[in-house]
Every structure is written in C-alpha cells, then in structure tokens.
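Scroll down for the structure; my scribbles are underneath it.
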Amino acid sequence: MVKEGVDEDKTVVILDGKIEQIGSRQEIRFPKGAKRIDAKGGFMIPGLFDMHLHFYHDYGLAEKYLIEEVKLPVVNGVTTVRIMDGQENYLALKKRIDKGEVTGPEMFIASPQFVGKWPFKGKFSGYMADSAAEAGNKVAEFKKLGYSEIKLAQFITPSVYEAVTTAAKKEGIKVTGHVGPDVKLYRALHARQQIEHMDEFIEALLTDSTINNGKSVSDVGVWNKKTAWPTLQYVDESRIDALAKRVSDAGIYVTPTNYFFINFFARGATGEQVRNMRGYDYVPAFHKKNVNASQEYFWKDPPPEDWRRKYIAVRYKMVDALYKAGTRLMAGSDGPEWYLAPGFTLHSELEAFTEAGLSNFAALETATKNPAMYMGIEDRKGTIEKGKRADFILLEKNPLIDIKNTRTIQAVFMSNKFYDRKALDKLLSEAIVIGSVAVGEE
Ligand SMILES: [Zn+2]
C-alpha cells in the first residue's frame, strides 16, 4: 500500500523481520527452507498506528495487568502505539516488548502529561506543572528518561506554555497534546505544537458577539452544558476554510479523536449500544462503573439536539477542510477513555474519518503513513515496501470498499513475529482477565 488501489497477486518474502522481496510469484526467488503462508484472496495493509492511547493503569488498574493489556492492540492489527501520559513503568514495559519478552505493539511514550491544576474527583495522573521554571526544567529530564515527546494536558498557563515550548525547542523534542483556553490556538500554531482533539478549533470559529468570553466546548469545556454548549450558536462555519489554511501553514499534525467526542458527547450511545461495543468485555468492571456514572451525569440533561448536531457537523467539516488544505491527520482513539477498549476503537476512528468525507484510502493513511512520517520512522514503517519492516496485517475483506473491513483481521505480522487467527484468539482469551477486575488498585 503506497498508492491508492489494490496490487494483485503479490508475494512478499520476509527475511530477518524485513521485507526482502515483493513482486509477482514469477519474479520472486524463494529462499531455501522458507516457510510459506497462503494469503490467497486476502488483503494486506500496513500495521495500524493508534496515536492517542492510554493505559487502564492511569485509572487505577494494577500494574500486573499491563502485559495483558498490550496484547489487545496487536489482536486488532495495531502494531504501533503512542502512549499519551507516560510513566517510568511504561518505559520499562516498552523495553520488555522491544526485547521480545512481552507480546505488544511498538510503543512511543510521551512524557507524563503536564497539568496546570486538578479540580476533578478522578485519580490524578501526570506531572503538576504549576511553576513555569520547574516545568521548563522537566523537559530535559523527561527527554533523558526516554520519553518521545512532551505531552501537555489541561489548565496550562501561558507562562508554563512558553517555558515548556522554549525548553523543548532547545532540547530537540516535540510538544504534543491539548490546547487550553488560556493558551489559545494562535500560540500553539506559532509554537508548532502537535494538536490533539482539535482543541480550540471551534473557539477559533466563533463570531465576536459570542457569549461566555469565547470559551466553547473544546477539551473539558465539553462538560459545561450551561455556558459552553450555547456558544455553538455563534459558530461561523464560513470561517472553517481560513482556519484550515492557518493550520496547514503551520505545518503541524492533528489528531482529531472524533469518535470519542462525537460518540459520547454528541450522539449519546444508549446502554445497549455501549454493551454491544467491540471490546466492551475487556473494559475493567471498576472502570465501567465510573464511566457509567459520568455518562449518566452528562446524559440525564443533555445539550439540545440541534447544538449536538452542529457540534458533529462542525467537527467533521473541520477535518475535511484540514485534509483538503494539506494538513496531515493522524488516527488516535483516546482509549481506554470511557468504554474505548485498547485496539478495538482505533477502527471506529477510521470510520469517523470517512464520515467526515475522507476516502477510505486517506483514512487508512491517518493510521499508517502519516503517523510513521510524524514519528520519523517512515524508512521502516507506514507502507509495505522492500526494505521496510515486515509490519502488516492480512484482512479477509477489502478496506477500500468498506472501511469497516479493517476489522476482518486474519493475521498480524510484526517483524519476525507472526500471529495467525488462532494465535490472535489465544491472546484475546488471555487478556479477558482485565474485564473482571472490580476494584482499581494502586
Ligand atoms: Zn488522551
């Protein structure tokens, strides 16, 4: 998969975990003793990336379950993940996966998330960045520990923002994450931050007569039904193209995480739909209980339907405009937020890209080529080409015909490891233990 379309009748020879030859059956020279795998009638696509993933451990699941949890992306064809709130035990886990001791995807681990304050009831996870000088110093420290990027989350003040982005530039490490209402979009674009969730994009579309001081539904604003949601009435959609141009001029990558926001805050999955979500059985029982309470709180008195409809339309129109303006989009699930079990939900995010107007091929690029380019590993991942890592999945059905077909996984190749359907089902049966954990432990 380099260009759009299906290359038919191809044979791939893998040697030492790399694609050594790729061509028609006649062109290929089979090495002696090579093991042959018949993939007739199947479709081969690059291993998928989930660029926005967390661990249940952030929410209190005991550390011992991490080795089960990392099986779930692999089962779902997700062979590379970016963990968006790092901890040292995740770096240790990454090392074990790299050594082949644990079955899991290749992991890039962003730093502990920088948070300006924590007024919520839920468990705090991250680094409390309430001093600009200290936050600036943390950047070098986190880089040294092996984190791939600096992650920013909620309530960052402009002075902390400046200190962190300046230090990151000096250290040569990328900054990624949320954009808060005090930082604002123009500052993030100027710093060339990689933006998650399209934070502050809706705010950039509000007319001057808007209410609530221009604070709209980005990030934690989505919880604010009384004052943030009414601003949807002040969104001027004719500003979307200009916004997309500004973002594309900044040359940044954007991870919309649309499925998460649209499904839980605008569409409103019913209890039954939630129970039928793929991967639901792998959501720990204690986490389900907490999420049920949040879901009930939001939906007992939801924002009016026409505002929610506008929210969906605007998010999708922004994605479409960003794509057309040349911005590189990346697929991120934000699992395991809510009921988003790791791996399973990346496929739903691909669907969301097509609902926004991208072709199936362009949607696939958000989880293959684009993230590989962003991480600077396009020489070994992201497309299926000679010399690259043997990192791909075999599908029963063609995803260019229906994007949902990325779920028809028959086999997963990760370098010199190969999992057929039976091996993948075994991983699933091992990881199911996560679902019954009733109490979050420290
Ligand atoms: Zn996140």
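Every chain in the structure tokens has a letter given in the order shown (A, B, ...), and although residue numbers restart at 1 in each chain, ligands are simply numbered from 1 in the order shown.
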
- [ ] Excluding A:Arg29 and any residue of its chain fewer than 3 positions from it, enumerate the residues within 12 Å of it, using only C-alpha atoms, and give them as number ranges by chain.
- [x] A: 11-14, 20-26, 32-34

For the selection just defined, write its residues with C-alpha atoms to a file, as a tab-separated table (two decimals), in the first residue's frame.
chain	number	residue	atom	x	y	z
A	11	THR	CA	4.15	-12.38	-2.96
A	12	VAL	CA	6.16	-10.99	-0.08
A	13	VAL	CA	9.37	-12.54	1.20
A	14	ILE	CA	10.31	-11.74	4.78
A	20	GLU	CA	13.28	-8.66	1.41
A	21	GLN	CA	11.34	-9.09	-1.84
A	22	ILE	CA	7.93	-8.07	-3.08
A	23	GLY	CA	6.58	-8.92	-6.50
A	24	SER	CA	4.64	-11.36	-8.62
A	25	ARG	CA	5.03	-15.08	-7.99
A	26	GLN	CA	7.26	-15.40	-11.09
A	32	LYS	CA	15.67	-22.25	0.79
A	33	GLY	CA	13.60	-23.56	3.67
A	34	ALA	CA	11.31	-20.56	3.65

Open item on the list: Using only C-alpha atoms and all ligand atoms, which residues have at least one atom no more than 7 Å from ligand 1? Output them as a ChimeraX atom specification.
Closed with: /A:52-54,84,334

- [ ] Using DSSP on the backbone coordinates, identify the residues of stretch 115-221 of chain A assigned to strand (DSSP E); present them as a PyMOL selection string.
- [x] chain A and resi 115+127-128+149-152+174-177+194-196

Open item on the list: So, with only C-alpha atoms as the atoms that count, which of A:Thr79, A:Thr231, A:Asn224, A:Gln87 lies closest to A:Ala204?
Closed with: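 Counting only C-alpha atoms, the residue closest to A:Ala204 is A:Thr231.
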
TODO: Write out as a ChimeraX atom specification the residues lying within 10 Å of A:Tyr59, counting only C-alpha atoms and excluding same-chain residues fewer than 3 positions away.
DONE: /A:54-56,62,122-125,286-287,290,336-337,440-442

Restricted to C-alpha atoms, what would the selected residues look like written as a PDB file, in the first residue's frame?
ATOM      1  CA  HIS A  54      -3.510   5.468  27.486  1.00  0.00           C
ATOM      2  CA  PHE A  55      -3.367   2.533  29.893  1.00  0.00           C
ATOM      3  CA  TYR A  56      -6.027   1.421  32.374  1.00  0.00           C
ATOM      4  CA  ALA A  62      -2.931  -2.781  38.881  1.00  0.00           C
ATOM      5  CA  GLY A 122     -10.849  11.215  39.422  1.00  0.00           C
ATOM      6  CA  LYS A 123      -7.321   9.979  40.022  1.00  0.00           C
ATOM      7  CA  PHE A 124      -4.621  12.479  39.030  1.00  0.00           C
ATOM      8  CA  SER A 125      -2.113  11.105  36.570  1.00  0.00           C
ATOM      9  CA  PHE A 286     -14.469  -0.861  38.145  1.00  0.00           C
ATOM     10  CA  HIS A 287     -13.791   1.412  35.184  1.00  0.00           C
ATOM     11  CA  ASN A 290     -17.009   5.038  36.975  1.00  0.00           C
ATOM     12  CA  PRO A 336      -9.258   3.478  27.158  1.00  0.00           C
ATOM     13  CA  GLU A 337     -11.283   6.580  27.995  1.00  0.00           C
ATOM     14  CA  GLY A 440      -8.940  -0.330  40.963  1.00  0.00           C
ATOM     15  CA  GLU A 441      -5.721  -0.842  42.901  1.00  0.00           C
ATOM     16  CA  GLU A 442      -2.806   1.455  43.298  1.00  0.00           C
TER      17      GLU A 442
END

Extract the full set of helix (DSSP H, G or I) residues from stretch 252-303 of chain A according to DSSP on the backbone, and format it as a short mmCIF file (atom, residue, chain, number, x, y, z; two decimals) with C-alpha atoms, in the first residue's frame.
data_model
loop_
_atom_site.label_atom_id
_atom_site.label_comp_id
_atom_site.auth_asym_id
_atom_site.auth_seq_id
_atom_site.Cartn_x
_atom_site.Cartn_y
_atom_site.Cartn_z
CA ASN A 258 -13.53 12.37 16.74
CA TYR A 259 -15.11 9.03 17.56
CA PHE A 260 -14.61 9.54 21.29
CA PHE A 261 -16.07 13.05 21.40
CA ILE A 262 -18.89 12.51 18.94
CA ASN A 263 -20.00 9.15 20.25
CA PHE A 264 -20.10 10.04 23.94
CA PHE A 265 -20.90 13.76 23.98
CA ALA A 266 -22.98 14.37 20.87
CA ARG A 267 -24.63 11.14 19.71
CA GLY A 271 -26.83 1.42 27.43
CA GLU A 272 -27.44 -1.34 24.94
CA GLN A 273 -25.20 0.21 22.25
CA VAL A 274 -22.47 0.56 24.85
CA ARG A 275 -22.75 -3.09 25.88
CA TYR A 280 -16.61 -3.94 25.93
CA ASP A 281 -15.79 -7.22 27.70
CA TYR A 282 -12.20 -6.02 28.12
CA ALA A 285 -15.55 -3.70 35.83
CA PHE A 286 -14.47 -0.86 38.15
CA HIS A 287 -13.79 1.41 35.18
CA LYS A 288 -17.24 0.65 33.70
CA LYS A 289 -18.81 1.68 36.98
CA ASN A 290 -17.01 5.04 36.97
CA VAL A 291 -17.78 5.67 33.32
CA ASN A 292 -21.44 4.73 33.78
CA ALA A 293 -21.70 7.43 36.44
CA SER A 294 -20.10 10.05 34.16
CA GLN A 295 -22.28 9.02 31.23
CA GLU A 296 -25.40 9.23 33.38
CA TYR A 297 -24.41 12.68 34.64
CA PHE A 298 -23.93 14.04 31.13
CA TRP A 299 -26.98 12.45 29.53
#

TODO: Find, counting only C-alpha atoms, the residue in A:Lys426, A:Arg421, A:Lys138, A:Lys324 that gets nearest to A:Gln113.
DONE: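 Using only C-alpha atoms, the shortest distance to A:Gln113 belongs to A:Lys138.
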
TODO: Could you give me, as a list of chain:residue names, the residues within 8 Å of A:Leu329, counting only C-alpha atoms and dropping anything in the same chain fewer than 5 positions from it?
DONE: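 Here the answer would be A:Tyr253, A:Val254, A:Thr255, A:Pro256, A:Leu322, A:Tyr323, A:Thr366, A:Asn370.
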
Pull C-alpha atoms from the residues just selected and write them as a tab-separated table (two decimals), in the first residue's frame.
chain	number	residue	atom	x	y	z
A	253	TYR	CA	-0.10	17.23	12.51
A	254	VAL	CA	-3.57	16.96	14.03
A	255	THR	CA	-5.20	14.00	15.83
A	256	PRO	CA	-8.96	14.75	15.96
A	322	LEU	CA	-7.90	20.30	7.17
A	323	TYR	CA	-7.40	17.33	4.87
A	366	THR	CA	-4.07	8.51	9.05
A	370	ASN	CA	1.08	9.84	8.34

Open item on the list: Can you measure atom CA of A:Ala250 to atom CA of A:Ser333 for me? One decimal in Å is fine.
Closed with: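 Separation between atom CA of A:Ala250 and atom CA of A:Ser333: 23.9 Å.
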
- [ ] Excluding A:Gly172 and any residue of its chain fewer than 4 positions from it, enumerate the residues within 12 Å of it, using only C-alpha atoms, and give them as JSON, numbers by chain.
- [x] {"A": [139, 140, 143, 144, 148, 149, 150, 164, 165, 166, 167, 168]}

Go ahead and save the residues from that selection, with C-alpha atoms, as a compact mmCIF listing (two decimals), in the first residue's frame.
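File produced: part38.txt:
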# COMPACT_ATOMS: atom_id res chain seq x y z
CA VAL A 139 11.56 18.92 29.67
CA ALA A 140 15.26 17.95 29.65
CA LYS A 143 13.82 13.60 27.42
CA LYS A 144 16.72 11.97 29.21
CA SER A 148 9.45 10.51 22.88
CA GLU A 149 7.57 13.80 23.28
CA ILE A 150 6.36 16.29 25.85
CA VAL A 164 7.92 24.28 28.04
CA THR A 165 7.88 25.01 24.31
CA THR A 166 11.09 27.06 24.55
CA ALA A 167 12.86 24.29 26.50
CA ALA A 168 11.55 21.67 24.08

- [ ] Could you give me, as number ranges by chain, the residues within 10 Å of stretch 158-161 of chain A, counting only C-alpha atoms and dropping anything in the same chain fewer than 4 positions from it?
- [x] A: 114-116, 129-136, 152, 165-167, 179-184, 187-188, 191

Take the selection from the previous step and output its residues with C-alpha atoms, as a compact mmCIF listing (two decimals), in the first residue's frame.
# COMPACT_ATOMS: atom_id res chain seq x y z
CA PHE A 114 1.70 18.37 32.15
CA VAL A 115 -1.42 19.56 34.00
CA GLY A 116 -1.79 23.05 35.48
CA ALA A 129 3.02 21.93 36.04
CA ASP A 130 2.13 24.92 38.18
CA SER A 131 5.55 26.61 38.02
CA ALA A 132 6.98 27.81 34.70
CA ALA A 133 10.62 27.48 35.79
CA GLU A 134 10.18 23.95 37.10
CA ALA A 135 8.13 22.87 34.09
CA GLY A 136 10.86 24.13 31.76
CA LEU A 152 0.54 18.91 27.53
CA THR A 165 7.88 25.01 24.31
CA THR A 166 11.09 27.06 24.55
CA ALA A 167 12.86 24.29 26.50
CA VAL A 179 -4.52 23.38 23.80
CA GLY A 180 -6.26 25.18 26.63
CA PRO A 181 -8.40 28.33 26.57
CA ASP A 182 -5.61 30.32 28.24
CA VAL A 183 -3.02 29.20 25.69
CA LYS A 184 -5.26 29.60 22.63
CA ARG A 187 0.05 30.44 20.35
CA ALA A 188 0.02 26.67 19.74
CA ALA A 191 4.95 27.04 18.66

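Shortest separation to A:Gly268 among A:Met375, A:Ile312, A:Leu72, A:Leu15 occurs at residue A:Ile312, atoms counted being only C-alpha atoms.
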
TODO: Can you work out the spacing between atom CA of A:Asp301 and atom CA of A:Asn212 in Å, to one decimal?
DONE: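 Computing it gives 20.0 Å between the two atoms.
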
- [ ] Might you pull out every residue within 8 Å of stretch 342-346 of chain A, with only C-alpha atoms counted and same-chain residues fewer than 2 positions away left off, and present them as a list in words?
- [x]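 Neighbouring residues, sequence-local ones excluded: Asp50, Leu53, Glu69, Leu72, Pro73, Val74, Val75, Asn76, Gly77, Val78, Arg278, Gly279, Ala331, Gly332, Ser333, Gly335, Pro336, Leu340, Ser348, Glu349 and Leu350 of chain A.
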
Got time to write the residues from that selection, N, CA and C atoms, as a short mmCIF file (atom, residue, chain, number, x, y, z; two decimals), in the first residue's frame?
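Contents of the output file result-v7.cif:
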data_model
loop_
_atom_site.label_atom_id
_atom_site.label_comp_id
_atom_site.auth_asym_id
_atom_site.auth_seq_id
_atom_site.Cartn_x
_atom_site.Cartn_y
_atom_site.Cartn_z
N ASP A 50 -2.08 3.58 16.56
CA ASP A 50 -3.01 4.37 17.37
C ASP A 50 -2.17 5.46 18.03
N LEU A 53 -3.25 6.85 22.86
CA LEU A 53 -3.69 5.74 23.70
C LEU A 53 -3.16 5.95 25.12
N GLU A 69 -2.89 -6.15 28.79
CA GLU A 69 -3.49 -5.03 28.05
C GLU A 69 -2.78 -4.78 26.71
N LEU A 72 -4.00 -6.42 23.41
CA LEU A 72 -5.22 -6.00 22.71
C LEU A 72 -4.97 -5.19 21.43
N PRO A 73 -4.03 -4.22 21.44
CA PRO A 73 -3.75 -3.56 20.16
C PRO A 73 -3.30 -4.55 19.09
N VAL A 74 -2.41 -5.47 19.45
CA VAL A 74 -1.88 -6.43 18.47
C VAL A 74 -3.01 -7.23 17.84
N VAL A 75 -3.92 -7.73 18.67
CA VAL A 75 -5.05 -8.52 18.19
C VAL A 75 -5.87 -7.72 17.17
N ASN A 76 -5.89 -6.41 17.37
CA ASN A 76 -6.67 -5.53 16.50
C ASN A 76 -5.86 -4.93 15.35
N GLY A 77 -4.69 -5.50 15.10
CA GLY A 77 -3.88 -5.05 13.97
C GLY A 77 -3.15 -3.74 14.23
N VAL A 78 -3.15 -3.30 15.48
CA VAL A 78 -2.47 -2.04 15.83
C VAL A 78 -1.07 -2.41 16.33
N ARG A 278 -17.53 -3.09 20.49
CA ARG A 278 -16.44 -4.06 20.40
C ARG A 278 -15.44 -3.79 21.52
N GLY A 279 -15.04 -4.83 22.16
CA GLY A 279 -14.05 -4.69 23.22
C GLY A 279 -14.64 -4.40 24.58
N ALA A 331 -4.72 9.14 13.21
CA ALA A 331 -5.78 8.42 13.93
C ALA A 331 -5.35 8.18 15.37
N GLY A 332 -6.20 8.60 16.28
CA GLY A 332 -5.97 8.33 17.70
C GLY A 332 -7.31 8.04 18.34
N SER A 333 -7.36 7.02 19.19
CA SER A 333 -8.65 6.61 19.74
C SER A 333 -8.98 7.30 21.06
N GLY A 335 -8.47 5.79 23.64
CA GLY A 335 -8.73 4.68 24.55
C GLY A 335 -7.68 4.68 25.65
N PRO A 336 -7.97 4.07 26.82
CA PRO A 336 -9.26 3.48 27.16
C PRO A 336 -10.18 4.42 27.92
N LEU A 340 -13.77 2.78 25.60
CA LEU A 340 -12.94 2.56 24.41
C LEU A 340 -11.81 1.58 24.73
N SER A 348 -12.91 2.32 14.85
CA SER A 348 -14.04 3.26 14.85
C SER A 348 -13.57 4.66 14.45
N GLU A 349 -12.34 5.01 14.84
CA GLU A 349 -11.81 6.32 14.47
C GLU A 349 -11.59 6.39 12.95
N LEU A 350 -11.19 5.28 12.35
CA LEU A 350 -11.04 5.27 10.88
C LEU A 350 -12.39 5.52 10.22
#

- [ ] Rank A:Tyr147, A:Gly42, A:Asn137, A:Met414 by their smallest atom-to-atom distance to A:Leu91, using only C-alpha atoms, and report the top residue only.
- [x] A:Tyr147

Task: Counting only C-alpha atoms, the option among A:Tyr90, A:Gly5, A:Val437, A:Glu27 closest to A:Ser359 - done: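 Ranking A:Tyr90, A:Gly5, A:Val437, A:Glu27 by distance to A:Ser359, first place goes to A:Gly5.
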
Task: Given only C-alpha atoms as the counted atoms, nearest of A:Ala228, A:Arg308, A:Asp236, A:Gly387 to A:Ser209 - done: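 Nearest candidate to A:Ser209 out of A:Ala228, A:Arg308, A:Asp236, A:Gly387: A:Asp236.
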